[in-house]
$ cat query.csv   # CSV, C-alpha atoms
chain,number,residue,atom,x,y,z
W,1,MET,CA,96.6,223.0,153.1
W,2,THR,CA,99.7,224.8,154.2
W,3,GLU,CA,101.0,227.3,151.6
W,4,THR,CA,104.3,226.4,149.9
W,5,ILE,CA,106.8,229.3,149.3
W,6,LEU,CA,110.1,229.3,147.6
W,7,ALA,CA,113.0,229.6,150.0
W,8,LYS,CA,114.3,232.6,148.2
W,9,ARG,CA,111.0,234.4,148.9
W,10,TYR,CA,110.9,233.5,152.6
W,11,GLY,CA,112.3,235.9,155.1
W,12,ASP,CA,115.5,237.8,154.0
W,13,TYR,CA,117.5,235.9,151.3
W,14,ARG,CA,120.5,237.6,149.6
W,15,GLU,CA,123.2,236.3,147.2
W,16,TYR,CA,126.6,237.8,146.7
W,17,ALA,CA,129.1,237.4,143.8
W,18,ALA,CA,132.2,235.5,144.8
W,19,PRO,CA,135.2,237.8,145.1
W,20,GLY,CA,138.4,237.4,143.1
W,21,ALA,CA,139.9,234.0,142.6
W,22,LEU,CA,137.2,232.4,144.8
W,23,SER,CA,134.8,232.8,141.8
W,24,ALA,CA,136.5,229.8,140.1
W,25,VAL,CA,135.4,227.6,143.0
W,26,ILE,CA,132.0,229.0,144.2
W,27,ARG,CA,129.1,230.3,142.1
W,28,CYS,CA,128.0,232.7,144.9
W,29,SER,CA,127.8,233.1,148.6
W,30,TRP,CA,124.5,233.7,150.3
W,31,MET,CA,122.8,234.6,153.5
W,32,HIS,CA,119.2,233.6,154.6
W,33,ARG,CA,117.5,234.9,157.7
W,34,ALA,CA,114.2,233.3,158.6
W,35,PRO,CA,111.5,235.7,160.0
W,36,GLU,CA,110.6,235.7,163.7
W,37,GLY,CA,107.6,233.7,164.8
W,38,PRO,CA,106.4,230.2,163.8
W,39,PRO,CA,106.5,229.6,160.0
W,40,ALA,CA,103.2,230.1,158.2
W,41,ALA,CA,104.3,228.2,155.1
W,42,ARG,CA,106.1,225.2,153.9
W,43,ILE,CA,109.6,226.3,152.6
W,44,ALA,CA,110.7,224.8,149.3
W,45,VAL,CA,114.4,224.7,148.3
W,46,VAL,CA,114.2,223.7,144.6
W,47,PRO,CA,117.0,221.5,143.1
W,48,ASP,CA,119.7,223.3,141.2
W,49,GLY,CA,122.4,220.7,140.5
W,50,CYS,CA,124.7,222.2,143.2
W,51,VAL,CA,126.2,221.4,146.6
W,52,ASP,CA,126.2,224.0,149.3
W,53,LEU,CA,128.6,224.4,152.2
W,54,LEU,CA,126.5,225.8,155.1
W,55,TRP,CA,127.3,227.5,158.4
W,56,THR,CA,124.8,228.1,161.2
W,57,ASP,CA,125.4,228.8,164.9
W,58,GLU,CA,125.4,225.0,165.4
W,59,GLY,CA,128.3,224.4,163.0
W,60,PHE,CA,129.2,223.5,159.4
W,61,LEU,CA,126.9,221.4,157.2
W,62,VAL,CA,126.9,220.2,153.7
W,63,ALA,CA,123.7,220.3,151.6
W,64,GLY,CA,123.9,217.6,149.0
W,65,PRO,CA,122.3,217.6,145.6
W,66,ASP,CA,118.5,217.3,145.5
W,67,ARG,CA,116.4,215.4,142.9
W,68,THR,CA,113.3,217.3,143.9
W,69,ALA,CA,112.5,220.2,146.3
W,70,ALA,CA,113.6,219.9,149.9
W,71,PHE,CA,111.5,221.3,152.7
W,72,PRO,CA,113.7,222.3,155.5
W,73,ARG,CA,112.4,223.5,158.9
W,74,LEU,CA,114.0,226.8,159.8
W,75,ARG,CA,114.0,228.1,163.3
W,76,PRO,CA,112.4,231.5,163.8
W,77,GLY,CA,115.1,234.2,163.4
W,78,GLU,CA,117.7,231.6,162.3
W,79,THR,CA,120.4,232.8,159.9
W,80,ILE,CA,122.1,230.4,157.5
W,81,LEU,CA,125.3,231.3,155.5
W,82,GLY,CA,126.2,229.4,152.4
W,83,LEU,CA,128.8,228.9,149.7
W,84,ARG,CA,127.4,227.4,146.5
W,85,LEU,CA,130.1,225.2,145.0
W,86,ARG,CA,130.7,225.2,141.2
W,87,PRO,CA,130.2,221.9,139.3
W,88,GLY,CA,133.2,219.6,139.5
W,89,ILE,CA,134.4,221.1,142.9
W,90,ALA,CA,132.3,219.4,145.6
W,91,ARG,CA,133.4,215.9,145.0
W,92,HIS,CA,137.0,216.8,145.3
W,93,LEU,CA,136.5,219.0,148.3
W,94,LEU,CA,134.5,216.4,150.2
W,95,ARG,CA,136.4,213.4,148.8
W,96,CYS,CA,133.3,211.3,148.1
W,97,ASP,CA,131.0,210.7,145.2
W,98,LEU,CA,128.0,212.9,145.5
W,99,ASP,CA,125.4,210.2,145.1
W,100,ALA,CA,126.2,209.4,148.8
W,101,LEU,CA,124.9,212.9,149.7
W,102,THR,CA,121.8,213.1,147.4
W,103,GLY,CA,118.9,214.5,149.3
W,104,LYS,CA,120.8,214.9,152.5
W,105,VAL,CA,122.1,217.7,154.8
W,106,VAL,CA,124.9,216.3,157.0
W,107,PRO,CA,127.6,217.8,159.2
W,108,LEU,CA,130.8,218.5,157.3
W,109,ALA,CA,132.8,216.7,160.0
W,110,ASP,CA,130.9,213.5,159.2
W,111,ILE,CA,132.2,213.5,155.7
W,112,ARG,CA,135.8,214.5,156.2
W,113,ALA,CA,138.1,216.4,158.5
W,114,HIS,CA,138.4,219.9,157.2
W,115,GLY,CA,140.2,222.9,158.6
W,116,LEU,CA,137.0,225.0,158.4
W,117,THR,CA,135.5,223.2,161.3
W,118,THR,CA,138.1,224.6,163.6
W,119,HIS,CA,136.9,228.1,163.0
W,120,HIS,CA,133.4,227.8,164.3
W,121,ASP,CA,134.1,230.0,167.3
W,122,ARG,CA,135.7,232.7,165.2
W,123,LEU,CA,132.5,232.9,163.1
W,124,LEU,CA,130.3,233.0,166.2
W,125,ALA,CA,132.4,235.9,167.5
W,126,ALA,CA,132.1,238.0,164.3
W,127,SER,CA,130.0,241.1,164.8
W,128,GLY,CA,127.1,240.3,162.4
W,129,PRO,CA,125.9,238.0,159.6
W,130,LEU,CA,127.6,239.9,156.8
W,131,GLN,CA,130.9,240.0,158.6
W,132,ARG,CA,130.5,236.3,159.3
W,133,LEU,CA,129.9,235.7,155.6
W,134,ARG,CA,133.0,237.6,154.6
W,135,LEU,CA,135.1,235.7,157.2
W,136,LEU,CA,133.6,232.4,155.9
W,137,GLN,CA,134.7,233.3,152.3
W,138,ALA,CA,138.2,234.2,153.5
W,139,LEU,CA,138.6,231.0,155.5
W,140,PHE,CA,137.4,228.9,152.6
W,141,ALA,CA,139.6,230.8,150.1
W,142,ALA,CA,142.6,230.1,152.3
W,143,GLY,CA,142.0,226.3,151.8
W,144,THR,CA,141.2,226.3,148.1
W,145,ALA,CA,144.8,225.9,147.1
W,146,GLU,CA,144.6,222.2,147.9
W,147,LEU,CA,141.7,221.7,145.5
W,148,PRO,CA,142.5,220.2,142.0
W,149,ALA,CA,141.2,222.0,139.0
W,150,THR,CA,137.5,221.5,138.1
W,151,ARG,CA,137.1,218.4,136.0
W,152,PRO,CA,136.5,219.6,132.4
W,153,ASP,CA,134.1,216.7,131.7
W,154,ALA,CA,131.9,217.6,134.7
W,155,ALA,CA,131.9,221.3,133.6
W,156,ALA,CA,131.0,220.3,130.0
W,157,LEU,CA,128.2,218.1,131.2
W,158,HIS,CA,126.8,220.9,133.3
W,159,ALA,CA,127.1,223.4,130.4
W,160,LEU,CA,125.5,221.1,127.8
W,161,GLY,CA,123.2,219.0,130.0
W,162,ALA,CA,120.0,221.1,129.5
W,163,SER,CA,120.3,221.4,125.7
W,164,ARG,CA,122.0,218.2,124.4
W,165,PRO,CA,121.1,214.5,124.9
W,166,PRO,CA,123.5,212.4,126.9
W,167,ASP,CA,124.8,210.5,123.9
W,168,ALA,CA,125.7,213.7,122.1
W,169,ILE,CA,127.5,215.0,125.2
W,170,ALA,CA,129.4,211.8,125.6
W,171,ALA,CA,130.6,211.9,122.0
W,172,GLU,CA,131.6,215.6,122.4
W,173,ILE,CA,133.8,215.0,125.4
W,174,GLY,CA,135.1,211.7,124.2
W,175,VAL,CA,133.6,209.1,126.6
W,176,THR,CA,131.0,206.4,126.3
W,177,ALA,CA,127.5,206.9,127.5
W,178,ARG,CA,128.1,204.6,130.4
W,179,THR,CA,131.2,206.6,131.5
W,180,LEU,CA,129.2,209.8,131.2
W,181,ARG,CA,126.6,208.4,133.5
W,182,ARG,CA,129.3,207.4,136.0
W,183,ILE,CA,130.8,210.9,135.8
W,184,SER,CA,127.3,212.5,136.3
W,185,ILE,CA,126.5,210.3,139.4
W,186,ALA,CA,129.9,211.0,141.0
W,187,GLU,CA,130.0,214.7,140.3
W,188,PHE,CA,126.3,215.7,140.5
W,189,GLY,CA,124.6,212.9,142.5
W,190,TYR,CA,122.4,211.6,139.8
W,191,GLY,CA,122.5,210.6,136.1
W,192,PRO,CA,122.6,213.0,133.1
W,193,LYS,CA,118.8,212.7,132.4
W,194,THR,CA,117.9,213.9,135.9
W,195,LEU,CA,120.6,216.6,135.7
W,196,ALA,CA,119.1,217.8,132.4
W,197,ARG,CA,115.7,218.1,134.0
W,198,ILE,CA,117.1,220.1,136.8
W,199,LEU,CA,119.1,222.4,134.6
W,200,ARG,CA,116.1,223.0,132.4
W,201,LEU,CA,114.1,224.0,135.5
W,202,GLN,CA,116.8,226.4,136.5
W,203,ASP,CA,116.8,227.9,133.0
W,204,LEU,CA,113.1,228.4,133.4
W,205,LEU,CA,113.5,230.0,136.8
W,206,GLY,CA,115.9,232.5,135.3
W,207,ARG,CA,113.3,233.6,132.8
W,208,ILE,CA,110.0,233.3,134.7
W,209,ALA,CA,109.8,236.7,136.3
W,210,ARG,CA,110.4,238.6,133.1
W,211,PRO,CA,107.4,240.6,132.0
W,212,GLY,CA,105.7,240.2,128.7
W,213,THR,CA,106.2,236.5,128.2
W,214,SER,CA,103.4,233.9,128.3
W,215,LEU,CA,103.8,230.6,130.1
W,216,ALA,CA,103.6,228.9,126.7
W,217,GLY,CA,106.4,231.1,125.5
W,218,LEU,CA,108.4,230.4,128.6
W,219,ALA,CA,108.0,226.6,128.0
W,220,ALA,CA,109.3,226.9,124.4
W,221,ASP,CA,112.2,229.2,125.4
W,222,ALA,CA,113.3,226.9,128.2
W,223,GLY,CA,113.2,223.8,126.0
W,224,PHE,CA,110.0,222.0,127.2
W,225,ALA,CA,107.9,220.1,124.6
W,226,ASP,CA,104.9,222.3,125.4
W,227,GLN,CA,103.2,224.1,128.3
W,228,ALA,CA,101.7,220.9,129.6
W,229,HIS,CA,105.1,219.3,129.7
W,230,MET,CA,106.5,222.3,131.6
W,231,ASN,CA,103.6,222.2,134.1
W,232,ARG,CA,104.2,218.5,134.9
W,233,GLU,CA,107.9,218.8,135.2
W,234,VAL,CA,107.9,221.9,137.4
W,235,LEU,CA,105.2,220.5,139.7
W,236,ALA,CA,107.1,217.2,140.0
W,237,LEU,CA,110.5,219.0,140.8
W,238,THR,CA,109.2,221.8,143.0
W,239,SER,CA,105.7,221.0,144.2
W,240,LEU,CA,104.6,224.3,142.7
W,241,THR,CA,103.1,225.2,139.3
W,242,PRO,CA,104.9,227.6,137.0
W,243,GLY,CA,102.1,230.1,137.6
W,244,GLU,CA,102.6,229.9,141.3
W,245,ILE,CA,106.3,230.3,141.0
W,246,ARG,CA,105.9,233.3,138.7
W,247,ARG,CA,103.5,235.0,141.1
W,248,GLN,CA,106.0,234.5,144.0
W,249,MET,CA,109.0,235.7,141.9
W,250,ARG,CA,107.2,238.8,140.9
W,251,GLY,CA,105.7,239.5,144.3

$ encode --input "query.csv" --output "C-alpha cells"
Amino acid sequence: MTETILAKRYGDYREYAAPGALSAVIRCSWMHRAPEGPPAARIAVVPDGCVDLLWTDEGFLVAGPDRTAAFPRLRPGETILGLRLRPGIARHLLRCDLDALTGKVVPLADIRAHGLTTHHDRLLAASGPLQRLRLLQALFAAGTAELPATRPDAAALHALGASRPPDAIAAEIGVTARTLRRISIAEFGYGPKTLARILRLQDLLGRIARPGTSLAGLAADAGFADQAHMNREVLALTSLTPGEIRRQMRG
C-alpha cells in the first residue's frame, strides 16, 4: 500500500504571517514546492475549514473547503503559492456560497472575473518563488478595499464551533439553529456539526507534536470523548491515525 504523508511534510512547505492590514483578510500565505522525481507517497491535505486562493505557473485557482482529506497530485518540482482566507471572507470575495465549492479546486476565472487574473504574466516574470509570493500578497492587498467586513456571525461560529454545540452558538449570536446552519453552509461549505469536527481536528494538530503528552491526554485536551473517539475521527477525516500524524509531525 502506498504511504500517505501530510502535505505539510512533503517537499518544502513554508507558511508566512500576513503583513500589515492584510492580516485581517488572510490567515497566512504559504509556498509549497514538490520534490523532483515521481511521488513516492500519497499526499494528504487535511481539512481546516478554510478556502485558499492558489497560484501556479498555469494560473489562479481556488481550493474550496474540504470535508475530509484531499489527495492532490503534484507535478515533480512544482511550486504552489497560496493565500489562506480568514473565515467570513471567501464567500464575499468569490460571490458564491461555499457549498458550491466543497471538495473542489477550480480556476478563479470560472467563479468570477477578478483583477488578479490579469497579473499572471507579472507573477511568472518575478525572479523566484518568494518574490512571486510577495507580489501576490501585494496584488491581493490592492484589491481588498472592495471586500466588506468579515461577517461577525461567521467569525463567531468559527471561534466557538469546536467547543460549543450549535444550539448554544445560535443563542449566543441571536439566530435560530436553522439560520445558523444556513450561515455555516454559505460561509464554510458545510453545516456546524461538520465544521466542529474539523475545528477539533485542527486543535488536535496544533497540540500533537508537543512532547510529553500521551495520545489519551491529547484526546482529552482537544475535546474528544476518549482516545478511541479521537482515533475514529482522525482516521475518518485524514486517512491517518493520530499516532501516524504525530510521527510525521515530529519527524

$ closest_residue --input "query.csv" --among "W:Ala63, W:Ala222, W:Ala186, W:Ala171" --to "W:Asp97" --atoms "all atoms listed in the file"
W:Ala186

$ closest_residue --input "query.csv" --among "W:Gly223, W:Pro19, W:Gly49, W:Gly217" --to "W:Ala155" --atoms "all atoms listed in the file"
W:Gly49

$ residues_around --input "query.csv" --residues "W:Arg181" --least-positions-apart "6" --cutoff "12 Å" --atoms "only C-alpha atoms" --output "list in words"
Asp99, Asp153, Ala154, Leu157, Gly161, Pro165, Pro166, Asp167, Ile169, Ala170, Val175, Glu187, Phe188, Gly189, Tyr190, Gly191, Pro192, Lys193, Thr194 and Leu195 of chain W

$ closest_residue --input "query.csv" --among "W:Pro152, W:Gly206, W:Gly77, W:Gly59" --to "W:Leu116" --atoms "all atoms listed in the file"
W:Gly59

$ atom_distance --input "query.csv" --atom1 "atom CA of W:Pro38" --atom2 "atom CA of W:Leu130"
24.3 Å

$ closest_residue --input "query.csv" --among "W:Ile245, W:Tyr13, W:Thr179, W:Arg232" --to "W:Val46" --atoms "all atoms listed in the file"
W:Ile245

$ atom_distance --input "query.csv" --atom1 "atom CA of W:Gly103" --atom2 "atom CA of W:Thr68"
8.3 Å

$ atom_distance --input "query.csv" --atom1 "atom CA of W:Tyr16" --atom2 "atom CA of W:Ala100"
28.5 Å

$ residues_around --input "query.csv" --residues "W:Arg122" --least-positions-apart "5" --cutoff "10 Å" --atoms "all atoms listed in the file" --output "ChimeraX atom specification"
/W:132,135-136

$ residues_near_point --input "query.csv" --point "(134.1, 235.1, 161.5)" --cutoff "10 Å" --atoms "all atoms listed in the file" --output "PyMOL selection string"
chain W and resi 119-139

$ residues_around --input "query.csv" --residues "W:Thr56" --least-positions-apart "3" --cutoff "7 Å" --atoms "only C-alpha atoms" --output "JSON, numbers by chain"
{"W": [59, 60, 79, 80, 81]}

$ closest_residue --input "query.csv" --among "W:Leu180, W:Leu74, W:Ala219, W:Leu108" --to "W:Ala156" --atoms "only C-alpha atoms"
W:Leu180

$ residues_around --input "query.csv" --residues "W:Asp110" --least-positions-apart "6" --cutoff "12 Å" --atoms "all atoms listed in the file" --output "mmCIF file with C-alpha atoms, in the coordinates of the input"
data_model
loop_
_atom_site.group_PDB
_atom_site.id
_atom_site.type_symbol
_atom_site.label_atom_id
_atom_site.label_comp_id
_atom_site.auth_asym_id
_atom_site.auth_seq_id
_atom_site.Cartn_x
_atom_site.Cartn_y
_atom_site.Cartn_z
ATOM 1 C CA GLY W 59 128.300 224.400 163.000
ATOM 2 C CA PHE W 60 129.200 223.500 159.400
ATOM 3 C CA LEU W 61 126.900 221.400 157.200
ATOM 4 C CA VAL W 62 126.900 220.200 153.700
ATOM 5 C CA LEU W 94 134.500 216.400 150.200
ATOM 6 C CA ARG W 95 136.400 213.400 148.800
ATOM 7 C CA CYS W 96 133.300 211.300 148.100
ATOM 8 C CA LEU W 101 124.900 212.900 149.700
ATOM 9 C CA THR W 117 135.500 223.200 161.300
#

$ closest_residue --input "query.csv" --among "W:Cys50, W:Val106, W:Ala69, W:Ala216" --to "W:Ala236" --atoms "only C-alpha atoms"
W:Ala69

$ residues_near_point --input "query.csv" --point "(137.1, 219.4, 150.5)" --cutoff "9 Å" --atoms "only C-alpha atoms" --output "PyMOL selection string"
chain W and resi 89-95+112-114+143-144+146-147

$ residues_around --input "query.csv" --residues "W:Ala17" --least-positions-apart "3" --cutoff "12 Å" --atoms "all atoms listed in the file" --output "count of residues only"
18

$ decode --input "query.csv" --residues "stretch 94-116 of chain W" --atoms "N, CA, C and O atoms" --output "short mmCIF file (atom, residue, chain, number, x, y, z; two decimals), in the first residue's frame"
data_model
loop_
_atom_site.label_atom_id
_atom_site.label_comp_id
_atom_site.auth_asym_id
_atom_site.auth_seq_id
_atom_site.Cartn_x
_atom_site.Cartn_y
_atom_site.Cartn_z
N LEU W 94 -15.53 35.68 -3.49
CA LEU W 94 -15.88 34.86 -4.64
C LEU W 94 -17.31 35.07 -5.11
O LEU W 94 -17.69 34.63 -6.20
N ARG W 95 -18.13 35.68 -4.25
CA ARG W 95 -19.53 35.99 -4.58
C ARG W 95 -20.33 34.73 -4.86
O ARG W 95 -21.12 34.68 -5.80
N CYS W 96 -20.08 33.70 -4.05
CA CYS W 96 -20.90 32.50 -4.14
C CYS W 96 -20.89 31.81 -2.79
O CYS W 96 -19.94 31.96 -2.00
N ASP W 97 -21.95 31.07 -2.48
CA ASP W 97 -21.97 30.27 -1.26
C ASP W 97 -20.94 29.15 -1.39
O ASP W 97 -20.80 28.54 -2.46
N LEU W 98 -20.28 28.85 -0.29
CA LEU W 98 -19.13 27.96 -0.38
C LEU W 98 -19.48 26.49 -0.53
O LEU W 98 -18.62 25.69 -0.88
N ASP W 99 -20.74 26.11 -0.30
CA ASP W 99 -21.09 24.72 -0.55
C ASP W 99 -20.97 24.37 -2.03
O ASP W 99 -20.85 23.19 -2.37
N ALA W 100 -20.98 25.40 -2.90
CA ALA W 100 -20.78 25.15 -4.33
C ALA W 100 -19.34 24.74 -4.64
O ALA W 100 -19.06 24.22 -5.73
N LEU W 101 -18.42 24.97 -3.69
CA LEU W 101 -17.00 24.69 -3.91
C LEU W 101 -16.47 23.58 -3.02
O LEU W 101 -15.28 23.26 -3.08
N THR W 102 -17.31 22.98 -2.19
CA THR W 102 -16.84 21.97 -1.26
C THR W 102 -16.20 20.80 -1.99
O THR W 102 -16.79 20.21 -2.90
N GLY W 103 -14.95 20.50 -1.60
CA GLY W 103 -14.23 19.38 -2.19
C GLY W 103 -13.71 19.63 -3.59
O GLY W 103 -13.30 18.69 -4.26
N LYS W 104 -13.66 20.89 -4.03
CA LYS W 104 -13.26 21.19 -5.40
C LYS W 104 -12.07 22.15 -5.44
O LYS W 104 -11.87 22.96 -4.53
N VAL W 105 -11.29 22.05 -6.51
CA VAL W 105 -10.27 23.03 -6.85
C VAL W 105 -10.61 23.49 -8.27
O VAL W 105 -10.62 22.68 -9.19
N VAL W 106 -10.91 24.78 -8.42
CA VAL W 106 -11.41 25.28 -9.71
C VAL W 106 -10.66 26.56 -10.08
O VAL W 106 -10.17 27.28 -9.20
N PRO W 107 -10.57 26.87 -11.37
CA PRO W 107 -9.96 28.14 -11.78
C PRO W 107 -10.73 29.33 -11.21
O PRO W 107 -11.97 29.33 -11.22
N LEU W 108 -10.02 30.32 -10.72
CA LEU W 108 -10.66 31.52 -10.20
C LEU W 108 -11.57 32.15 -11.25
O LEU W 108 -12.68 32.60 -10.93
N ALA W 109 -11.15 32.17 -12.49
CA ALA W 109 -11.93 32.80 -13.56
C ALA W 109 -13.26 32.10 -13.80
O ALA W 109 -14.19 32.70 -14.34
N ASP W 110 -13.38 30.82 -13.40
CA ASP W 110 -14.64 30.11 -13.57
C ASP W 110 -15.67 30.53 -12.54
O ASP W 110 -16.88 30.26 -12.71
N ILE W 111 -15.21 31.16 -11.45
CA ILE W 111 -16.12 31.57 -10.38
C ILE W 111 -16.54 33.02 -10.57
O ILE W 111 -17.72 33.38 -10.50
N ARG W 112 -15.56 33.88 -10.81
CA ARG W 112 -15.86 35.29 -11.03
C ARG W 112 -14.70 35.95 -11.73
O ARG W 112 -13.55 35.49 -11.66
N ALA W 113 -15.00 37.03 -12.42
CA ALA W 113 -13.95 37.84 -13.02
C ALA W 113 -13.26 38.61 -11.89
O ALA W 113 -13.92 39.31 -11.13
N HIS W 114 -11.98 38.46 -11.77
CA HIS W 114 -11.24 39.13 -10.70
C HIS W 114 -9.97 39.73 -11.29
O HIS W 114 -9.31 39.11 -12.13
N GLY W 115 -9.62 40.92 -10.82
CA GLY W 115 -8.46 41.61 -11.37
C GLY W 115 -7.16 40.85 -11.22
O GLY W 115 -6.22 41.05 -12.00
N LEU W 116 -7.09 39.94 -10.24
CA LEU W 116 -5.86 39.17 -10.06
C LEU W 116 -5.49 38.38 -11.31
O LEU W 116 -4.31 38.22 -11.62
#
